[in-house]
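Novice: Dropping the structure in here first, questions after.
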Amino acid sequence: MTAAASILLTRLLRSMDKTAKKVPAPLWMRAAMGGCAVGLIGLFLPEVLGKGYHVVQTTIEGAFSRGLIIVGLATIAKIVATALTLGWGGSGGIFAPCLVIGCLAGLTYHHGLVLLWPSVIWVDQGCFALLGMAGLISGMLQAPLTGIFLIVEITGGYEVILPLIIVSAITTSVCHYIEPAAYYVKELVDRGHLLRPGTDARVLSDLNVSELIEKDCIAVTQNMLLRDFINIVKKSRRNYFPVEDEETGHFMGIIHLDDIRQYLFNPVMYDTVFLGQIMNTRVEVVDPDDDLDDVIRKMDANHLYSMPVVVNNRFMGLISKGNLLDQYRKELMVQTSQSV
């Protein structure tokens, strides 16, 4: 029953939230509408109003005297009231309503068992309320250990630990089968933004362009002769050379040795060709705030091994696929070792 309540609450919250987004009314008006609806429910079932801790306390102590029909209606009403409050922009939470709904669901189950088998001596309603709370928290948040140890802390003992484990495990399994993602991360999963450790997106999100910049590049100017450039090439271990404006220092383009090989082996060109004539001005550049996943896509799409990092028309350095993949491998090893 707690699994059904958990799934119902999750789906109602999402449906209310989607409905609220489609309604063109202002936020305060939507919140007011939700508040009025909750108030109407509270006129008939006051148990659904407020945080509900008094209902939990009364039930655990075995002093909640409402019958099966009222308790069942209160369970459904609390689910609807929570969905109306949160889905329509009101102030509230998930944790406290889960405790109250779970408590009422466990109490409803207890009353149903007593009604069906009156000759059987059942444990008091407080035990079923605790199991209902643990089950609903475990199913809604898909965190069985949270539900188990929370109830253990509430009761101050381990007498109910075995049924707690069973209820939490069953509820979590059923809810995960029907709703694979917990309520808090469902929207992230739908958008593809949930980054689990060891996945490609998570590893790349933990890296940034700034820490991958290679700054050992020798900048040249557009008015430099090819002969002077060849002397610089002899001292460098790079195949890429940024070209900057002599006066402003602005990034003008880049020279890749593979693109000018025909000039390098023709001595006739040494004193007749300027770098501004042979540089590549149509260069894909990277900003330090760019996402590394987008950077890799650009590299693959344009068959690039390195890309210049440019900020305010100033060359900051190069980011190479080799260095990126090397850091990727190191970060992947760290994340996978932590998750084991």
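Labels for the structure tokens follow display order: chains A, B, ..., residues from 1 in each chain, ligands from 1.
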Could you please write out, as an mmCIF file with C-alpha atoms, in the first residue's frame, every residue of region 102-307 of chain A that DSSP assigns to strand (DSSP E or B)?

Specialist:
data_model
loop_
_atom_site.group_PDB
_atom_site.id
_atom_site.type_symbol
_atom_site.label_atom_id
_atom_site.label_comp_id
_atom_site.auth_asym_id
_atom_site.auth_seq_id
_atom_site.Cartn_x
_atom_site.Cartn_y
_atom_site.Cartn_z
ATOM 1 C CA GLU A 214 48.647 24.452 -22.613
ATOM 2 C CA VAL A 220 54.173 35.091 -33.992
ATOM 3 C CA THR A 221 53.068 38.194 -35.862
ATOM 4 C CA LEU A 225 58.837 36.638 -42.767
ATOM 5 C CA TYR A 240 50.507 25.157 -33.924
ATOM 6 C CA PHE A 241 51.548 28.802 -33.737
ATOM 7 C CA PRO A 242 49.106 31.612 -32.864
ATOM 8 C CA VAL A 243 49.357 34.742 -34.993
ATOM 9 C CA GLU A 244 48.835 38.027 -33.174
ATOM 10 C CA PHE A 251 44.479 36.995 -32.025
ATOM 11 C CA MET A 252 44.430 36.975 -35.835
ATOM 12 C CA GLY A 253 44.620 33.322 -36.736
ATOM 13 C CA ILE A 254 46.789 30.276 -36.418
ATOM 14 C CA ILE A 255 49.459 28.497 -38.386
ATOM 15 C CA HIS A 256 49.554 24.739 -38.537
ATOM 16 C CA PHE A 274 54.707 36.811 -44.768
ATOM 17 C CA ASN A 280 44.406 30.275 -41.208
ATOM 18 C CA VAL A 286 37.358 27.916 -27.362
ATOM 19 C CA SER A 306 44.082 21.279 -31.036
ATOM 20 C CA MET A 307 42.042 24.449 -30.648
#

Novice: Write out as a PyMOL selection string the residues lying within 7 Å of region 289-305 of chain A, counting only C-alpha atoms and excluding same-chain residues fewer than 6 positions away.

Specialist: chain A and resi 204+208-209+320-321

Novice: Put those residues in a file: C-alpha atoms, as a PDB file, in the first residue's frame.

Specialist:
ATOM      1  CA  LEU A 204      33.685  15.840 -18.491  1.00  0.00           C
ATOM      2  CA  ASN A 208      37.115  22.480 -17.312  1.00  0.00           C
ATOM      3  CA  VAL A 209      38.892  24.264 -20.113  1.00  0.00           C
ATOM      4  CA  SER A 320      44.589  19.579 -27.291  1.00  0.00           C
ATOM      5  CA  LYS A 321      42.644  16.373 -27.631  1.00  0.00           C
TER       6      LYS A 321
END

Novice: Which value, in Å to one decimal, gives the distance between CA of Ile178 (chain A) and CA of Gly139 (chain A)?

Specialist: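 Going from CA of Ile178 (chain A) over to CA of Gly139 (chain A), I get 10.5 Å.
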
Novice: If you run DSSP over the backbone, which residues in region 175-308 of chain A end up helix (DSSP H, G or I)? Put them as a VMD selection string.

Specialist: chain A and resid 175 to 178 183 to 191 200 to 205 210 to 212 226 to 235 257 to 259 261 to 264 267 to 269 275 to 278 292 to 302

Novice: Tell me, in Å to one decimal, how far CA of Leu150 (chain A) is from CA of Gly102 (chain A).

Specialist: 13.0 Å

Novice: Would you pick out the contacts of Val38 (chain A) at 9 Å or less, using only C-alpha atoms, so that residues sharing its chain but fewer than 5 positions from it are not included, and give the list as a ChimeraX atom specification?

Specialist: /A:33,43,48-49,77,80-82,84-85

Novice: Take the residues from that selection and put them in a file with N, CA and C atoms, as a PDB file, in the first residue's frame.

Specialist:
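File part.pdb, as written:
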ATOM      1  N   MET A  33      -4.974  29.643  -5.613  1.00  0.00           N
ATOM      2  CA  MET A  33      -5.937  28.621  -6.038  1.00  0.00           C
ATOM      3  C   MET A  33      -5.647  27.298  -5.355  1.00  0.00           C
ATOM      4  N   LEU A  43     -11.527  21.501   5.505  1.00  0.00           N
ATOM      5  CA  LEU A  43     -12.797  21.682   6.206  1.00  0.00           C
ATOM      6  C   LEU A  43     -13.428  20.354   6.587  1.00  0.00           C
ATOM      7  N   VAL A  48      -5.329  16.663   7.312  1.00  0.00           N
ATOM      8  CA  VAL A  48      -4.406  16.896   6.198  1.00  0.00           C
ATOM      9  C   VAL A  48      -3.724  18.249   6.282  1.00  0.00           C
ATOM     10  N   LEU A  49      -4.166  19.122   7.162  1.00  0.00           N
ATOM     11  CA  LEU A  49      -3.617  20.463   7.245  1.00  0.00           C
ATOM     12  C   LEU A  49      -2.329  20.490   8.067  1.00  0.00           C
ATOM     13  N   ALA A  77      -6.598  12.258   0.655  1.00  0.00           N
ATOM     14  CA  ALA A  77      -6.719  13.719   0.720  1.00  0.00           C
ATOM     15  C   ALA A  77      -5.371  14.370   0.988  1.00  0.00           C
ATOM     16  N   VAL A  80      -3.435  14.431  -2.260  1.00  0.00           N
ATOM     17  CA  VAL A  80      -3.944  15.472  -3.158  1.00  0.00           C
ATOM     18  C   VAL A  80      -3.565  16.856  -2.647  1.00  0.00           C
ATOM     19  N   ALA A  81      -3.679  17.071  -1.333  1.00  0.00           N
ATOM     20  CA  ALA A  81      -3.351  18.380  -0.761  1.00  0.00           C
ATOM     21  C   ALA A  81      -1.874  18.710  -0.952  1.00  0.00           C
ATOM     22  N   THR A  82      -1.015  17.729  -0.790  1.00  0.00           N
ATOM     23  CA  THR A  82       0.421  17.952  -1.005  1.00  0.00           C
ATOM     24  C   THR A  82       0.706  18.283  -2.458  1.00  0.00           C
ATOM     25  N   LEU A  84      -1.380  19.610  -4.618  1.00  0.00           N
ATOM     26  CA  LEU A  84      -1.917  20.941  -4.912  1.00  0.00           C
ATOM     27  C   LEU A  84      -1.004  22.042  -4.377  1.00  0.00           C
ATOM     28  N   THR A  85      -0.483  21.830  -3.186  1.00  0.00           N
ATOM     29  CA  THR A  85       0.361  22.850  -2.559  1.00  0.00           C
ATOM     30  C   THR A  85       1.654  23.046  -3.326  1.00  0.00           C
TER      31      THR A  85
END

Novice: Measuring atom to atom with only C-alpha atoms, identify which of A:Met333, A:Val285, A:Gln262, A:Lys78 is nearest to Gly39 (chain A).

Specialist: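 Using only C-alpha atoms, Gly39 (chain A) sits closest to A:Lys78.
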
Novice: Compile the contact shell of Cys103 (chain A) as a list in words: residues with an atom at most 6 Å away, counting only C-alpha atoms, same-chain residues fewer than 5 positions apart removed.

Specialist: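 In the requested form, the answer reads Ala129, Gly132 and Met133 of chain A.
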
Novice: Go ahead and write the selection's residues with C-alpha atoms as a PDB file, in the first residue's frame.

Specialist:
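Saved the output as again39.pdb:
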ATOM      1  CA  ALA A 129       2.257   3.533  11.166  1.00  0.00           C
ATOM      2  CA  GLY A 132       4.054   2.897   6.520  1.00  0.00           C
ATOM      3  CA  MET A 133       6.329   5.888   7.094  1.00  0.00           C
TER       4      MET A 133
END

Novice: Between CA of Asp326 (chain A) and CA of Asn239 (chain A), what is the distance in Å, rounded to a tenth?

Specialist: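 Computing the Euclidean distance for CA of Asp326 (chain A) and CA of Asn239 (chain A) yields 19.0 Å.
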
Novice: For Pro267 (chain A), which of A:Arg227, A:Asn313, A:Val56, A:Pro288 is the closest residue, counting only C-alpha atoms?

Specialist: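 Smallest distance to Pro267 (chain A) is found for A:Arg227.
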
Novice: Go through A:Glu159, A:Glu179, A:Asp245, A:Asp259 and flag the residue nearest Gly276 (chain A), using only C-alpha atoms for the distances.

Specialist: A:Asp245
